[in-house]
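Asks: I have a structure here, written as structure tokens, and I will follow up with some questions on it.
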Amino acid sequence: QLQLEESGGGLVQPGGSLKLSCAASGLNLDYYAVGWFRQAPGKEREGVSCISNSGDATYYEDSVKGRFTISRESGKNTVILEMNNLEPGDTAVYSCAADSGTAPQAMCLRAWADWWGQGTQVTVSS
């Protein structure tokens, strides 16, 4: 069964860090662009960061540039989003998604993909 599962969310103080993981089963992420998306209450879903299937191309939404890093864990069928210097505005449900034949920027900007995980809550609050 094809599944994407996120982990690593939680409550963190402003300035803190979290590491989100997106683990896949039933599909080989090496053949898919993978992205992290977030949706806060009352707001539309937005692409946070996306990475090409090869890992050599990435995209970051402007507000997270310099703070978030997306990467692939070789051999583990997993994509990581490291989030540093978190701000209250980063609070949202974060979901990972996989899509075939899509460039990272296009994937993030259209905020749509073929397969989605259930999401993990990230709350940044003092």
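A note on labels: chains of the structure tokens are A, B, ... as shown, every chain counts residues from 1, and ligands are counted from 1 in their shown order.
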Extract, using only C-alpha atoms, all DNA, RNA and protein residues at most 7 Å from stretch 12-22 of chain A, discarding same-chain residues fewer than 6 positions from it, and format them as a PyMOL selection string.

Replies: chain A and resi 4-6+78-88+96+123-126

Asks: Need to verify the contact set: stretch 24-34 of chain A, 8 Å, only C-alpha atoms, exclusion of same-chain residues closer than 3 positions in sequence. Can you return it as a list in words?

Replies: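 Here the qualifying residues turn out to be Gln1, Leu2, Gln3, Leu4, Glu5, Cys50, Ile51, Ser52, Asn53, Ser54, Asn77, Thr78, Val79, Cys96, Ala97, Ala98, Asp99, Ser100, Gly101, Thr102, Ala103, Pro104 and Met107 of chain A.
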
Asks: Within 10 Å of A:Lys43, counting only C-alpha atoms, which residues qualify if same-chain residues fewer than 4 places away don't, as a ChimeraX atom specification?

Replies: /A:38-39,92
